[in-house]
Amino acid sequence: MRNPLDPAKLNAAMENVHRAGMPGLFAEVRDGDQVWRGAAGVADLATGRPVTADMRHRVGSITKTFTTAAVLQQAESGRIGLDEPIGRYLPRLVPGERGDAITVRMLINHTSGLAEYLPYAYPSLKALPALADTGPESLDDNRLTRFHPTELIEMGVTAPAVGAPGGTPGVYSNTNYLLLGELLEHVTGTTAERYITRNVIERAGLRDTELPAEPYVEGPHSRIYEAWFGMIDPPRDYSVYDMSWVGPAGSLISTVADLNRFFGMLLAGEIVSPSSLEQMQRTVPVVSQEGKTIDYGLGLHPMEAPGQDTFWGHGGTVWGAGTLAMIRADGKRQMSVAVNLQRWNRLDSSGRPQPHPIDDALAALHRVAMYG
């Protein structure tokens with residue numbers, strides 16, 4: 001029995017997340033023709049301005065699904081071979097044997113073995129994944145830093161490999177997606193941002209979605225607060241930030257309505273072909289940035305609860321902002337949820353993030369949104 005949308009349950013679940021300590025959150029849930037939008041809490045802790053469901057938001061790694069769609073369009077037209085070595089296209093960026101061994105597909109599904117560049121670009125994060133030995137200082141230092149993607153790629157490529165090309169489990173790495181951005185530029189003759197805007201964002205009719213060139217979020221938006229595991233107390237506003245540190249791996253600005261529209265069209269075969277979509281849903285085990293092993297396809301990953309239908313989509317976090325967008329495999333039920341605080345868990349004596357009431361409240365909201 002399919003569960004229709006229950007606005008009262010959804011509103012209560014949203015309020016519970018706010019009450020658990022989330023400053024503000026907003027969401028859109030769709031079931032067939034039914035649409036529910038809701039918001040709870042504040043967009044600005046200083047003024048108490050409320051969040052609204054139509055706000056634009058930094059959606060982090062959901063950008064990867066857009067970048068993947070662009071690469072697959074180029075694969076469909078024969079300009080990119082998914083199983084061709086990246087060294088064939090970008091020999092200077094991934095030279096030698098690795099360039100010959102790492103394929104485009106390995107970049108998309110994080111089985112390239114290339115390390116994450118972030119600990120090298122952000123000195124105070126050098127100890128990652130040992131959280132207790134990190135600090136938030138370089139988050140502030142790099143607010144308006146303009147990184148060039150090739151400089152970040154070089155950090156990831158010259159760092160010690162995290163696995164053999166094609167080996168599993170893969171290891172999630174933004175280096176892969178910066179390379180995909182350079183690949184798009186190489187084969188299309190225009191920047192990845194321009195190509196994705198024209199052929200993915202505009203094709204899907206998304207009016208409130210962009211890959212920003214400026215550090216500001218235009219239009220109605222929430223301030224976004226970063227706690228860095230209790231080391232920034234009170235949490236600091238990072239809503240003005242130059243997103244070149246993550247580019248085609250995580251810089252997208254969107255709305256919950258646009259995200260649902262995009263994933264709906266993607267699963268309907270309107271952004272890439274049905275055969276490309278089938279490839280996107282072919283998964284391998286990948287170790288996430290949180291250290292958990294997840295199933296990951298080509299820019300998509302599945303979520304399923306025992307005895308329930310499978311959902312496909314992506315999550316994303318940047319400094320201060322988090323988003324999750326998922327769609328049921330049949331395309332009928334969807335949810336996009338955005339939150340304006342990140343890394344709220346403090347660390348225990350062994351340096352591991354401690355459970356926080358927000359965790360359970362958010363998981364409960366996701367369950368109500370997906371399964372009713």
# chains A, B, ... in the order shown; residues from 1 in each chain; ligands from 1
$ closest_atom_pairs --of "range 124-168 of chain A" --to "range 338-356 of chain A" --cutoff "10 Å" --atoms "only C-alpha atoms" --output "CSV"
residue,atom,partner,partner_atom,distance
A:Ala130,CA,A:Gly351,CA,7.3
A:Leu131,CA,A:Gly351,CA,6.3
A:Ala132,CA,A:Gly351,CA,5.0
A:Asp133,CA,A:Gly351,CA,8.4
$ write_last_selection --atoms "N, CA and C atoms" --output "mmCIF file, in the first residue's frame"
data_model
loop_
_atom_site.group_PDB
_atom_site.id
_atom_site.type_symbol
_atom_site.label_atom_id
_atom_site.label_comp_id
_atom_site.auth_asym_id
_atom_site.auth_seq_id
_atom_site.Cartn_x
_atom_site.Cartn_y
_atom_site.Cartn_z
ATOM 1 N N ALA A 130 41.329 12.184 10.708
ATOM 2 C CA ALA A 130 41.430 12.243 12.186
ATOM 3 C C ALA A 130 40.867 13.583 12.659
ATOM 4 N N LEU A 131 39.557 13.609 12.905
ATOM 5 C CA LEU A 131 38.849 14.879 13.153
ATOM 6 C C LEU A 131 39.409 15.654 14.343
ATOM 7 N N ALA A 132 39.792 14.940 15.413
ATOM 8 C CA ALA A 132 40.247 15.624 16.632
ATOM 9 C C ALA A 132 41.513 16.437 16.383
ATOM 10 N N ASP A 133 42.267 16.071 15.344
ATOM 11 C CA ASP A 133 43.510 16.784 15.041
ATOM 12 C C ASP A 133 43.321 17.862 13.977
#
$ closest_atom_pairs --of "range 30-97 of chain A" --to "range 295-314 of chain A" --cutoff "10 Å" --atoms "only C-alpha atoms" --output "JSON lines"
{"residue": "A:Val59", "atom": "CA", "partner": "A:His314", "partner_atom": "CA", "distance": 9.8}
{"residue": "A:Gly60", "atom": "CA", "partner": "A:His314", "partner_atom": "CA", "distance": 9.6}
{"residue": "A:Ser61", "atom": "CA", "partner": "A:His314", "partner_atom": "CA", "distance": 7.3}
{"residue": "A:Ile62", "atom": "CA", "partner": "A:His314", "partner_atom": "CA", "distance": 5.4}
{"residue": "A:Thr63", "atom": "CA", "partner": "A:His314", "partner_atom": "CA", "distance": 8.8}
{"residue": "A:Lys64", "atom": "CA", "partner": "A:Gly299", "partner_atom": "CA", "distance": 5.6}
{"residue": "A:Thr65", "atom": "CA", "partner": "A:Gly299", "partner_atom": "CA", "distance": 4.5}
{"residue": "A:Phe66", "atom": "CA", "partner": "A:Gly299", "partner_atom": "CA", "distance": 7.9}
{"residue": "A:Thr67", "atom": "CA", "partner": "A:Gly299", "partner_atom": "CA", "distance": 7.9}
{"residue": "A:Thr68", "atom": "CA", "partner": "A:Gly299", "partner_atom": "CA", "distance": 5.6}
{"residue": "A:Ala69", "atom": "CA", "partner": "A:Gly299", "partner_atom": "CA", "distance": 8.0}
{"residue": "A:Leu72", "atom": "CA", "partner": "A:Leu298", "partner_atom": "CA", "distance": 9.3}
$ write_last_selection --atoms "C-alpha atoms" --output "PDB file, in the first residue's frame"
ATOM      1  CA  VAL A  59      23.457  21.954  -2.228  1.00  0.00           C
ATOM      2  CA  GLY A  60      27.038  20.622  -2.171  1.00  0.00           C
ATOM      3  CA  SER A  61      27.731  17.290  -3.800  1.00  0.00           C
ATOM      4  CA  ILE A  62      24.321  17.046  -5.463  1.00  0.00           C
ATOM      5  CA  THR A  63      26.335  19.013  -8.058  1.00  0.00           C
ATOM      6  CA  LYS A  64      28.003  15.675  -8.908  1.00  0.00           C
ATOM      7  CA  THR A  65      24.769  14.327 -10.413  1.00  0.00           C
ATOM      8  CA  PHE A  66      24.574  17.371 -12.720  1.00  0.00           C
ATOM      9  CA  THR A  67      28.237  17.001 -13.738  1.00  0.00           C
ATOM     10  CA  THR A  68      27.746  13.278 -14.383  1.00  0.00           C
ATOM     11  CA  ALA A  69      24.694  13.978 -16.555  1.00  0.00           C
ATOM     12  CA  LEU A  72      27.059  11.120 -20.071  1.00  0.00           C
TER      13      LEU A  72
END
$ atom_distance --atom1 "CA of Asp258 in chain A" --atom2 "CA of Glu278 in chain A"
22.6 Å
$ select_by_dssp --residues "range 164-198 of chain A" --states "alpha helix (DSSP H)" --output "ChimeraX atom specification"
/A:174-188,192-196
$ write_last_selection --atoms "N, CA and C atoms" --output "CSV table (one decimal), in the first residue's frame"
chain,number,residue,atom,x,y,z
A,174,ASN,N,36.7,14.4,-4.2
A,174,ASN,CA,36.3,15.5,-5.1
A,174,ASN,C,37.3,15.7,-6.2
A,175,THR,N,38.5,15.2,-6.1
A,175,THR,CA,39.5,15.3,-7.2
A,175,THR,C,38.9,14.7,-8.4
A,176,ASN,N,38.2,13.6,-8.3
A,176,ASN,CA,37.6,13.0,-9.5
A,176,ASN,C,36.7,13.9,-10.3
A,177,TYR,N,35.9,14.7,-9.6
A,177,TYR,CA,34.9,15.5,-10.2
A,177,TYR,C,35.5,16.8,-10.8
A,178,LEU,N,36.6,17.3,-10.2
A,178,LEU,CA,37.3,18.4,-10.8
A,178,LEU,C,37.9,18.0,-12.1
A,179,LEU,N,38.4,16.8,-12.2
A,179,LEU,CA,38.9,16.2,-13.4
A,179,LEU,C,37.8,16.1,-14.5
A,180,LEU,N,36.6,15.7,-14.0
A,180,LEU,CA,35.5,15.6,-15.0
A,180,LEU,C,35.1,17.0,-15.5
A,181,GLY,N,35.2,18.0,-14.7
A,181,GLY,CA,35.0,19.4,-15.2
A,181,GLY,C,36.0,19.8,-16.2
A,182,GLU,N,37.3,19.4,-16.0
A,182,GLU,CA,38.3,19.7,-17.0
A,182,GLU,C,38.1,18.9,-18.3
A,183,LEU,N,37.6,17.7,-18.1
A,183,LEU,CA,37.3,16.8,-19.3
A,183,LEU,C,36.2,17.4,-20.1
A,184,LEU,N,35.2,17.9,-19.5
A,184,LEU,CA,34.1,18.6,-20.2
A,184,LEU,C,34.6,19.8,-21.0
A,185,GLU,N,35.4,20.6,-20.3
A,185,GLU,CA,36.0,21.7,-21.0
A,185,GLU,C,36.8,21.3,-22.2
A,186,HIS,N,37.6,20.2,-22.1
A,186,HIS,CA,38.4,19.7,-23.2
A,186,HIS,C,37.6,19.3,-24.4
A,187,VAL,N,36.5,18.6,-24.1
A,187,VAL,CA,35.8,18.0,-25.3
A,187,VAL,C,34.7,19.0,-25.8
A,188,THR,N,34.3,20.0,-25.0
A,188,THR,CA,33.2,20.8,-25.5
A,188,THR,C,33.7,22.2,-26.0
A,192,ALA,N,33.1,23.9,-18.1
A,192,ALA,CA,32.2,22.9,-17.6
A,192,ALA,C,30.9,23.6,-17.1
A,193,GLU,N,31.1,24.8,-16.4
A,193,GLU,CA,30.0,25.5,-15.8
A,193,GLU,C,29.0,25.9,-16.9
A,194,ARG,N,29.6,26.4,-18.0
A,194,ARG,CA,28.7,26.9,-19.1
A,194,ARG,C,28.0,25.7,-19.8
A,195,TYR,N,28.7,24.6,-20.0
A,195,TYR,CA,28.1,23.5,-20.6
A,195,TYR,C,27.0,22.9,-19.7
A,196,ILE,N,27.3,22.7,-18.4
A,196,ILE,CA,26.3,22.2,-17.5
A,196,ILE,C,25.0,23.1,-17.4
$ residues_around --residues "Glu116 in chain A" --least-positions-apart "2" --cutoff "8 Å" --atoms "only C-alpha atoms" --output "list in words"
Leu114, Leu118, Pro119, Gly156, Tyr172, Ser173, Asn174 and Thr175 of chain A
$ select_by_dssp --residues "range 146-337 of chain A" --states "strand (DSSP E)" --output "ChimeraX atom specification"
/A:170-171,225-226,236-237,253-254,284-287,293-296,301-304,310-318,321-328,333-337
$ closest_residue --among "A:Leu324, A:Ala127, A:Ala159, A:Val35" --to "Leu362 in chain A" --atoms "only C-alpha atoms"
A:Leu324
$ atom_distance --atom1 "CA of Glu290 in chain A" --atom2 "CA of Phe229 in chain A"
12.8 Å
$ atom_distance --atom1 "CA of Val256 in chain A" --atom2 "CA of Arg105 in chain A"
28.4 Å
$ closest_residue --among "A:Ala329, A:Val200, A:Leu267, A:Met155" --to "Ala70 in chain A" --atoms "only C-alpha atoms"
A:Val200
$ closest_residue --among "A:Val162, A:Asn142, A:Glu28, A:Glu151" --to "Ser112 in chain A" --atoms "only C-alpha atoms"
A:Val162
$ closest_residue --among "A:Thr293, A:Gln281, A:Gln34, A:Ser336" --to "Ser254 in chain A" --atoms "only C-alpha atoms"
A:Ser336
$ residues_around --residues "range 10-15 of chain A" --least-positions-apart "6" --cutoff "9 Å" --atoms "only C-alpha atoms" --output "PyMOL selection string"
chain A and resi 25-27+29+36+38-41+361-362+364-366+368-369+372
$ residues_around --residues "Asp330 in chain A" --least-positions-apart "3" --cutoff "12 Å" --atoms "only C-alpha atoms" --output "list in words"
Asp31, Gly32, Phe263, Gly264, Met265, Leu266, Leu267, Ala268, Gly269, Asp309, Thr310, Phe311, Trp312, Met326, Ile327, Arg333 and Gln334 of chain A
